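The next block is coords_15.pdb, given as PDB, C-alpha atoms and all ligand atoms.
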MODEL        1
ATOM      1  CA  MET F   3     -57.889  -1.692 -69.075
ATOM      2  CA  LYS F   4     -60.688   0.794 -69.609
ATOM      3  CA  ARG F   5     -63.402  -0.288 -72.016
ATOM      4  CA  ILE F   6     -63.762   1.779 -75.165
ATOM      5  CA  PRO F   7     -66.964   3.845 -74.822
ATOM      6  CA  PHE F   8     -68.456   2.902 -78.212
ATOM      7  CA  LYS F   9     -71.815   4.371 -77.375
ATOM      8  CA  LYS F  10     -70.310   7.788 -76.610
ATOM      9  CA  ILE F  11     -68.194   7.691 -79.736
ATOM     10  CA  GLY F  12     -71.290   6.796 -81.752
ATOM     11  CA  TYR F  13     -73.273   9.704 -80.336
ATOM     12  CA  GLY F  14     -70.286  11.981 -80.933
ATOM     13  CA  LEU F  15     -70.088  10.976 -84.586
ATOM     14  CA  ILE F  16     -73.804  11.463 -85.091
ATOM     15  CA  ALA F  17     -73.558  14.892 -83.468
ATOM     16  CA  ILE F  18     -70.684  15.838 -85.789
ATOM     17  CA  LEU F  19     -72.620  14.636 -88.853
ATOM     18  CA  ILE F  20     -75.605  16.725 -87.810
ATOM     19  CA  ILE F  21     -73.521  19.818 -87.090
ATOM     20  CA  ILE F  22     -71.691  19.759 -90.424
ATOM     21  CA  GLN F  23     -75.038  19.763 -92.247
ATOM     22  CA  PHE F  24     -75.270  23.432 -91.265
ATOM     23  CA  ILE F  25     -71.940  24.306 -92.815
ATOM     24  CA  HIS F  26     -72.224  25.170 -96.459
ATOM     25  CA  PRO F  27     -69.259  26.017 -98.616
ATOM     26  CA  THR F  28     -69.920  29.306-100.402
ATOM     27  CA  GLY F  29     -70.324  27.394-103.638
ATOM     28  CA  ASN F  30     -69.402  28.179-107.190
ATOM     29  CA  ILE F  31     -72.491  30.078-108.256
ATOM     30  CA  GLY F  32     -71.222  33.077-110.210
ATOM     31  CA  ASN F  33     -71.713  33.621-113.944
ATOM     32  CA  ALA F  34     -69.943  31.251-116.295
ATOM     33  CA  LYS F  35     -70.161  33.835-119.069
ATOM     34  CA  THR F  36     -68.035  36.841-118.201
ATOM     35  CA  GLU F  37     -66.212  39.571-120.081
ATOM     36  CA  ASN F  38     -63.091  37.445-119.616
ATOM     37  CA  ASP F  39     -64.463  34.103-120.696
ATOM     38  CA  ILE F  40     -62.844  32.097-123.457
ATOM     39  CA  THR F  41     -65.265  33.177-126.200
ATOM     40  CA  HIS F  42     -63.852  36.694-126.636
ATOM     41  CA  LEU F  43     -60.457  35.942-128.127
ATOM     42  CA  THR F  44     -60.852  32.321-129.123
ATOM     43  CA  ALA F  45     -63.311  31.082-131.711
ATOM     44  CA  VAL F  46     -65.675  28.703-129.932
ATOM     45  CA  PRO F  47     -68.280  27.276-132.321
ATOM     46  CA  ASP F  48     -71.589  26.126-130.826
ATOM     47  CA  SER F  49     -70.678  22.486-131.355
ATOM     48  CA  VAL F  50     -67.702  22.996-129.020
ATOM     49  CA  MET F  51     -69.453  25.252-126.537
ATOM     50  CA  ASN F  52     -72.241  22.710-126.076
ATOM     51  CA  ILE F  53     -69.716  20.071-125.082
ATOM     52  CA  LEU F  54     -67.775  22.394-122.782
ATOM     53  CA  GLU F  55     -70.942  23.550-121.037
ATOM     54  CA  THR F  56     -72.305  20.045-120.600
ATOM     55  CA  SER F  57     -69.137  18.186-119.672
ATOM     56  CA  CYS F  58     -66.571  20.665-118.357
ATOM     57  CA  TYR F  59     -68.121  23.846-116.975
ATOM     58  CA  ASP F  60     -69.196  22.332-113.658
ATOM     59  CA  CYS F  61     -65.515  22.202-112.644
ATOM     60  CA  HIS F  62     -63.866  24.652-115.030
ATOM     61  CA  SER F  63     -66.041  27.776-114.933
ATOM     62  CA  ASN F  64     -67.463  30.222-112.414
ATOM     63  CA  HIS F  65     -70.776  28.387-112.346
ATOM     64  CA  THR F  66     -71.519  24.865-111.143
ATOM     65  CA  GLU F  67     -74.922  23.236-111.543
ATOM     66  CA  TYR F  68     -75.046  21.585-108.146
ATOM     67  CA  PRO F  69     -76.954  18.317-107.761
ATOM     68  CA  TRP F  70     -79.393  18.075-104.814
ATOM     69  CA  TYR F  71     -77.046  15.856-102.832
ATOM     70  CA  SER F  72     -74.431  18.604-102.757
ATOM     71  CA  ASN F  73     -76.471  19.870 -99.789
ATOM     72  CA  ILE F  74     -75.522  16.774 -97.846
ATOM     73  CA  GLN F  75     -72.213  17.010 -96.034
ATOM     74  CA  PRO F  76     -69.536  15.821 -96.407
ATOM     75  CA  ILE F  77     -70.533  15.221-100.060
ATOM     76  CA  GLY F  78     -70.747  18.982-100.632
ATOM     77  CA  PHE F  79     -67.221  19.513 -99.284
ATOM     78  CA  TYR F  80     -65.956  16.771-101.557
ATOM     79  CA  LEU F  81     -67.599  18.304-104.652
ATOM     80  CA  ASP F  82     -66.319  21.781-103.890
ATOM     81  CA  LYS F  83     -62.813  20.493-103.448
ATOM     82  CA  HIS F  84     -62.912  19.190-107.032
ATOM     83  CA  VAL F  85     -64.480  22.367-108.349
ATOM     84  CA  ASN F  86     -61.834  24.557-106.710
ATOM     85  CA  ASP F  87     -59.078  22.279-107.880
ATOM     86  CA  GLY F  88     -60.456  22.169-111.426
ATOM     87  CA  LYS F  89     -60.853  25.953-111.587
ATOM     88  CA  ARG F  90     -57.346  26.521-110.323
ATOM     89  CA  HIS F  91     -56.012  24.478-113.234
ATOM     90  CA  LEU F  92     -58.336  25.804-115.905
ATOM     91  CA  ASN F  93     -61.172  28.297-115.691
ATOM     92  CA  PHE F  94     -62.961  28.982-118.975
ATOM     93  CA  SER F  95     -64.696  31.962-117.353
ATOM     94  CA  GLU F  96     -61.331  33.654-116.706
ATOM     95  CA  TYR F  97     -59.384  32.295-119.633
ATOM     96  CA  ASN F  98     -58.813  35.688-121.243
ATOM     97  CA  ASN F  99     -56.909  36.848-118.176
ATOM     98  CA  TYR F 100     -54.266  34.192-118.741
ATOM     99  CA  LYS F 101     -50.905  35.183-120.133
ATOM    100  CA  ILE F 102     -50.485  34.257-123.785
ATOM    101  CA  LYS F 103     -48.174  31.330-123.048
ATOM    102  CA  ARG F 104     -50.662  29.902-120.580
ATOM    103  CA  LYS F 105     -53.524  30.347-123.048
ATOM    104  CA  LYS F 106     -51.738  28.258-125.642
ATOM    105  CA  HIS F 107     -50.628  25.675-123.114
ATOM    106  CA  LYS F 108     -54.121  25.168-121.688
ATOM    107  CA  LEU F 109     -55.581  24.577-125.151
ATOM    108  CA  GLU F 110     -52.890  21.969-125.788
ATOM    109  CA  GLU F 111     -53.669  20.357-122.452
ATOM    110  CA  ILE F 112     -57.354  20.129-123.308
ATOM    111  CA  ALA F 113     -56.513  18.037-126.373
ATOM    112  CA  GLU F 114     -54.195  15.843-124.304
ATOM    113  CA  GLU F 115     -56.537  15.312-121.375
ATOM    114  CA  VAL F 116     -59.447  14.462-123.655
ATOM    115  CA  GLN F 117     -57.364  12.200-125.871
ATOM    116  CA  GLU F 118     -56.175  10.255-122.833
ATOM    117  CA  HIS F 119     -59.698   9.965-121.429
ATOM    118  CA  ASP F 120     -58.558  11.856-118.309
ATOM    119  CA  MET F 121     -61.274  14.499-118.627
ATOM    120  CA  PRO F 122     -64.063  14.798-117.672
ATOM    121  CA  MET F 123     -63.185  12.999-114.432
ATOM    122  CA  TRP F 124     -64.500   9.433-114.549
ATOM    123  CA  GLU F 125     -66.188   9.598-111.124
ATOM    124  CA  TYR F 126     -68.200  12.477-112.489
ATOM    125  CA  THR F 127     -69.255  10.765-115.730
ATOM    126  CA  LEU F 128     -70.329   7.768-113.677
ATOM    127  CA  ILE F 129     -72.942   9.863-111.904
ATOM    128  CA  HIS F 130     -73.699  12.305-114.739
ATOM    129  CA  SER F 131     -73.830   9.937-117.686
ATOM    130  CA  LYS F 132     -74.752  12.682-120.177
ATOM    131  CA  THR F 133     -71.364  14.307-119.586
ATOM    132  CA  LYS F 134     -69.459  11.306-120.900
ATOM    133  CA  LEU F 135     -67.892  12.174-124.255
ATOM    134  CA  SER F 136     -68.662  10.169-127.365
ATOM    135  CA  GLU F 137     -65.899   9.481-129.894
ATOM    136  CA  GLU F 138     -67.359  12.228-132.053
ATOM    137  CA  GLN F 139     -67.416  14.764-129.221
ATOM    138  CA  MET F 140     -63.854  13.872-128.291
ATOM    139  CA  ASN F 141     -62.750  14.489-131.864
ATOM    140  CA  ILE F 142     -64.568  17.815-132.001
ATOM    141  CA  LEU F 143     -62.850  18.988-128.798
ATOM    142  CA  ILE F 144     -59.431  17.690-129.758
ATOM    143  CA  ASN F 145     -59.503  19.219-133.247
ATOM    144  CA  TRP F 146     -60.798  22.521-131.942
ATOM    145  CA  SER F 147     -58.264  22.888-129.127
ATOM    146  CA  LYS F 148     -55.334  21.837-131.302
ATOM    147  CA  ASN F 149     -56.366  24.264-134.040
ATOM    148  CA  GLU F 150     -56.858  27.155-131.656
ATOM    149  CA  ALA F 151     -53.556  26.401-129.883
ATOM    150  CA  ALA F 152     -51.750  26.419-133.227
ATOM    151  CA  LYS F 153     -53.147  29.886-133.979
ATOM    152  CA  ILE F 154     -51.432  31.338-130.920
ATOM    153  CA  THR F 155     -47.831  32.367-131.420
ATOM    154  CA  VAL F 156     -45.985  33.172-128.248
ATOM    155  CA  PRO F 157     -43.430  35.935-128.948
ATOM    156  CA  ASP F 158     -39.866  35.057-127.951
ATOM    157  CA  SER F 159     -39.875  37.841-125.407
ATOM    158  CA  LEU F 160     -42.762  36.178-123.554
ATOM    159  CA  LYS F 161     -41.585  32.583-123.770
ATOM    160  CA  ASN F 162     -40.139  32.628-120.269
ATOM    161  CA  GLU F 163     -42.963  34.601-118.757
ATOM    162  CA  LYS F 164     -44.374  33.045-115.624
ATOM    163  CA  ARG F 165     -48.114  32.339-115.772
TER     164      ARG F 165
HETATM  165  C1  LIG F 201     -65.809  16.865-111.863
HETATM  166  C2  LIG F 201     -64.915  17.947-112.154
HETATM  167  C3  LIG F 201     -64.277  18.073-113.513
HETATM  168  C4  LIG F 201     -64.869  18.023-114.750
HETATM  169  C5  LIG F 201     -66.323  17.787-115.065
HETATM  170  C6  LIG F 201     -63.833  18.284-115.707
HETATM  171  N1  LIG F 201     -62.646  18.494-115.070
HETATM  172 FE1  LIG F 201     -60.884  18.957-115.929
HETATM  173  N2  LIG F 201     -59.964  18.956-114.105
HETATM  174  C7  LIG F 201     -60.594  18.737-112.893
HETATM  175  C8  LIG F 201     -59.615  18.746-111.834
HETATM  176  C9  LIG F 201     -59.916  18.527-110.358
HETATM  177  C10 LIG F 201     -58.367  18.999-112.440
HETATM  178  C11 LIG F 201     -57.006  19.144-111.778
HETATM  179  C12 LIG F 201     -56.440  17.862-111.307
HETATM  180  C13 LIG F 201     -56.141  16.917-112.402
HETATM  181  O1  LIG F 201     -55.433  17.265-113.357
HETATM  182  O2  LIG F 201     -56.649  15.778-112.330
HETATM  183  C14 LIG F 201     -58.620  19.119-113.869
HETATM  184  C15 LIG F 201     -57.651  19.362-114.824
HETATM  185  C16 LIG F 201     -57.907  19.599-116.157
HETATM  186  C17 LIG F 201     -56.907  19.992-117.122
HETATM  187  C18 LIG F 201     -55.433  20.141-116.839
HETATM  188  C19 LIG F 201     -55.081  21.567-116.674
HETATM  189  C20 LIG F 201     -53.648  21.695-116.222
HETATM  190  O3  LIG F 201     -53.068  22.695-116.554
HETATM  191  O4  LIG F 201     -53.119  20.811-115.548
HETATM  192  C21 LIG F 201     -57.538  20.165-118.309
HETATM  193  C22 LIG F 201     -56.921  20.608-119.628
HETATM  194  C23 LIG F 201     -58.924  19.841-118.106
HETATM  195  N3  LIG F 201     -59.118  19.506-116.791
HETATM  196  C24 LIG F 201     -59.885  19.878-119.096
HETATM  197  C25 LIG F 201     -61.192  19.448-118.925
HETATM  198  C26 LIG F 201     -62.150  19.361-119.994
HETATM  199  C27 LIG F 201     -61.861  19.711-121.443
HETATM  200  C28 LIG F 201     -63.305  18.889-119.438
HETATM  201  C29 LIG F 201     -64.571  18.559-120.160
HETATM  202  C30 LIG F 201     -64.504  17.700-121.305
HETATM  203  C31 LIG F 201     -63.077  18.714-118.017
HETATM  204  N4  LIG F 201     -61.779  19.057-117.748
HETATM  205  C32 LIG F 201     -64.026  18.303-117.095
HETATM  206  C33 LIG F 201     -61.953  18.544-112.706
HETATM  207  C34 LIG F 201     -62.872  18.385-113.726
ENDMDL
END
So, in terms of structure tokens, how does the structure I just supplied come out?
Amino acid sequence: MKRIPFKKIGYGLIAILIIIQFIHPTGNIGNAKTENDITHLTAVPDSVMNILETSCYDCHSNHTEYPWYSNIQPIGFYLDKHVNDGKRHLNFSEYNNYKIKRKKHKLEEIAEEVQEHDMPMWEYTLIHSKTKLSEEQMNILINWSKNEAAKITVPDSLKNEKR
């Protein structure tokens, strides 16, 4: 039986690690505040905006504050995967483009996700401890999103509209 060439495999892996350092995902570095961000049709008091910007915007807006280690691959790929995934589900920078039913639904989901401690993602709060929500911040977000969701009435004609 042929011996496994561990040395070659090792060099191969090192070469791959070096090569991927030169690949940079384009990154989420647009403006979080746009003409279609959530503030234009929904009342967002400062107390709420501060929490959203600190704890949610890295994954749910058009602008991520990247940590230095995002330049190290494959960590950068991993971070961008979460950012893209988060934005696909909810992007505060594009919120006003959502159909009315989706607008209401997303606000309801914010209350749910926060209430169940599902957001912000725990891996993230582990590294960025200032993004972890206190009881008080959770209540502020939950009350705000529930209130704003309740203000939106989806007309019958749009109830079956696809996002
Ligand atoms: C580190 C990235 C990250 C942060 C920070 C983050 N999220 Fe998320 N969020 C995601 C990802 C990824 C998903 C989609 C997958 C999932 O549901 O777990 C998601 C999903 C959601 C959803 C569900 C949307 C849907 O329609 O399914 C809501 C609501 C949400 N996040 C709200 C928040 C709020 C509010 C905050 C801040 C308090 C926050 N998120 C912080 C990454 C993040």
To verify the selection step, state as a CSV table (one decimal) with C-alpha atoms, in the frame of the given file which residues the PyMOL selection byres (((chain F and resi 143-151) around 6) and not hetatm) yields on this input.
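Once everything was written out, this is expr-v2.csv:
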chain,number,residue,atom,x,y,z
F,106,LYS,CA,-51.7,28.3,-125.6
F,109,LEU,CA,-55.6,24.6,-125.2
F,113,ALA,CA,-56.5,18.0,-126.4
F,140,MET,CA,-63.9,13.9,-128.3
F,141,ASN,CA,-62.8,14.5,-131.9
F,142,ILE,CA,-64.6,17.8,-132.0
F,152,ALA,CA,-51.8,26.4,-133.2
F,153,LYS,CA,-53.1,29.9,-134.0
F,154,ILE,CA,-51.4,31.3,-130.9
Given all atoms listed in the file, how would the per-residue table for chain F near ligand LIG 201 (chain F) read, listing every residue at most 9 Å away with its closest atom pair and distance in Å to one decimal, sorted by chain and number, as a Markdown table?
| residue | atom | partner | partner_atom | distance |
| --- | --- | --- | --- | --- |
| F:Ile53 | CA | F:LIG201 | C30 | 6.9 |
| F:Leu54 | CA | F:LIG201 | C29 | 5.6 |
| F:Glu55 | CA | F:LIG201 | C29 | 8.1 |
| F:Thr56 | CA | F:LIG201 | C29 | 7.9 |
| F:Ser57 | CA | F:LIG201 | C29 | 4.6 |
| F:Cys58 | CA | F:LIG201 | C29 | 3.4 |
| F:Tyr59 | CA | F:LIG201 | C5 | 6.6 |
| F:Asp60 | CA | F:LIG201 | C5 | 5.6 |
| F:Cys61 | CA | F:LIG201 | C2 | 4.3 |
| F:His62 | CA | F:LIG201 | N1 | 6.3 |
| F:Leu81 | CA | F:LIG201 | C1 | 7.6 |
| F:Lys83 | CA | F:LIG201 | C9 | 7.7 |
| F:His84 | CA | F:LIG201 | C9 | 4.5 |
| F:Val85 | CA | F:LIG201 | C2 | 5.8 |
| F:Asn86 | CA | F:LIG201 | C9 | 7.3 |
| F:Asp87 | CA | F:LIG201 | C9 | 4.6 |
| F:Gly88 | CA | F:LIG201 | C8 | 3.5 |
| F:Lys89 | CA | F:LIG201 | C8 | 7.3 |
| F:Arg90 | CA | F:LIG201 | C11 | 7.5 |
| F:His91 | CA | F:LIG201 | C19 | 4.6 |
| F:Leu92 | CA | F:LIG201 | C19 | 5.4 |
| F:Arg104 | CA | F:LIG201 | O3 | 8.6 |
| F:His107 | CA | F:LIG201 | O3 | 7.6 |
| F:Lys108 | CA | F:LIG201 | C22 | 5.7 |
| F:Leu109 | CA | F:LIG201 | C22 | 6.9 |
| F:Glu110 | CA | F:LIG201 | C22 | 7.5 |
| F:Glu111 | CA | F:LIG201 | C22 | 4.3 |
| F:Ile112 | CA | F:LIG201 | C22 | 3.7 |
| F:Ala113 | CA | F:LIG201 | C22 | 7.2 |
| F:Glu114 | CA | F:LIG201 | C22 | 7.2 |
| F:Glu115 | CA | F:LIG201 | C22 | 5.6 |
| F:Val116 | CA | F:LIG201 | C27 | 6.2 |
| F:Asp120 | CA | F:LIG201 | O2 | 7.4 |
| F:Met121 | CA | F:LIG201 | C31 | 4.6 |
| F:Pro122 | CA | F:LIG201 | C32 | 3.6 |
| F:Met123 | CA | F:LIG201 | C3 | 5.3 |
| F:Trp124 | CA | F:LIG201 | C1 | 8.0 |
| F:Glu125 | CA | F:LIG201 | C1 | 7.3 |
| F:Tyr126 | CA | F:LIG201 | C1 | 5.0 |
| F:Thr127 | CA | F:LIG201 | C5 | 7.6 |
| F:Thr133 | CA | F:LIG201 | C5 | 7.6 |
| F:Lys134 | CA | F:LIG201 | C30 | 8.1 |
| F:Leu135 | CA | F:LIG201 | C30 | 7.1 |
| F:Gln139 | CA | F:LIG201 | C30 | 8.9 |
| F:Met140 | CA | F:LIG201 | C30 | 8.0 |
| F:Leu143 | CA | F:LIG201 | C27 | 7.5 |
| F:Ile144 | CA | F:LIG201 | C27 | 8.9 |
Once you have the residues from the selection above, write them out as a tab-separated table (two decimals), keeping the file's coordinate frame, restricted to C-alpha atoms.
chain	number	residue	atom	x	y	z
F	53	ILE	CA	-69.72	20.07	-125.08
F	54	LEU	CA	-67.78	22.39	-122.78
F	55	GLU	CA	-70.94	23.55	-121.04
F	56	THR	CA	-72.31	20.05	-120.60
F	57	SER	CA	-69.14	18.19	-119.67
F	58	CYS	CA	-66.57	20.66	-118.36
F	59	TYR	CA	-68.12	23.85	-116.98
F	60	ASP	CA	-69.20	22.33	-113.66
F	61	CYS	CA	-65.52	22.20	-112.64
F	62	HIS	CA	-63.87	24.65	-115.03
F	81	LEU	CA	-67.60	18.30	-104.65
F	83	LYS	CA	-62.81	20.49	-103.45
F	84	HIS	CA	-62.91	19.19	-107.03
F	85	VAL	CA	-64.48	22.37	-108.35
F	86	ASN	CA	-61.83	24.56	-106.71
F	87	ASP	CA	-59.08	22.28	-107.88
F	88	GLY	CA	-60.46	22.17	-111.43
F	89	LYS	CA	-60.85	25.95	-111.59
F	90	ARG	CA	-57.35	26.52	-110.32
F	91	HIS	CA	-56.01	24.48	-113.23
F	92	LEU	CA	-58.34	25.80	-115.90
F	104	ARG	CA	-50.66	29.90	-120.58
F	107	HIS	CA	-50.63	25.68	-123.11
F	108	LYS	CA	-54.12	25.17	-121.69
F	109	LEU	CA	-55.58	24.58	-125.15
F	110	GLU	CA	-52.89	21.97	-125.79
F	111	GLU	CA	-53.67	20.36	-122.45
F	112	ILE	CA	-57.35	20.13	-123.31
F	113	ALA	CA	-56.51	18.04	-126.37
F	114	GLU	CA	-54.20	15.84	-124.30
F	115	GLU	CA	-56.54	15.31	-121.38
F	116	VAL	CA	-59.45	14.46	-123.66
F	120	ASP	CA	-58.56	11.86	-118.31
F	121	MET	CA	-61.27	14.50	-118.63
F	122	PRO	CA	-64.06	14.80	-117.67
F	123	MET	CA	-63.18	13.00	-114.43
F	124	TRP	CA	-64.50	9.43	-114.55
F	125	GLU	CA	-66.19	9.60	-111.12
F	126	TYR	CA	-68.20	12.48	-112.49
F	127	THR	CA	-69.26	10.76	-115.73
F	133	THR	CA	-71.36	14.31	-119.59
F	134	LYS	CA	-69.46	11.31	-120.90
F	135	LEU	CA	-67.89	12.17	-124.26
F	139	GLN	CA	-67.42	14.76	-129.22
F	140	MET	CA	-63.85	13.87	-128.29
F	143	LEU	CA	-62.85	18.99	-128.80
F	144	ILE	CA	-59.43	17.69	-129.76
So what do you get for CA of Glu67 (chain F) versus CA of Thr28 (chain F), distance-wise? 13.6 Å
How many Å separate CA of Phe24 (chain F) from CA of Gly78 (chain F)?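 Going from CA of Phe24 (chain F) over to CA of Gly78 (chain F), I get 11.3 Å.
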Could you check the closest approach to His42 (chain F) for each of F:Trp70, F:Asn98, F:Phe8, F:Ile18 and tell me which residue wins, using all atoms listed in the file?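 Between F:Trp70, F:Asn98, F:Phe8, F:Ile18, the residue approaching His42 (chain F) most closely is F:Asn98.
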Residue neighbourhood Glu96 (chain F), 8 Å, only C-alpha atoms, exclusion window fewer than 4 positions, as a PyMOL selection string: chain F and resi 36+38-40+63+100
In terms of all atoms listed in the file, the residue from F:Asp48, F:Phe79, F:Lys103, F:Lys35 at minimal distance from Thr155 (chain F) is F:Lys103
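With only C-alpha atoms as the atoms that count, the minimum distance from Val46 (chain F) to the choices F:Ser72, F:Asp82, F:Ile77, F:Phe94 is reached by F:Phe94.
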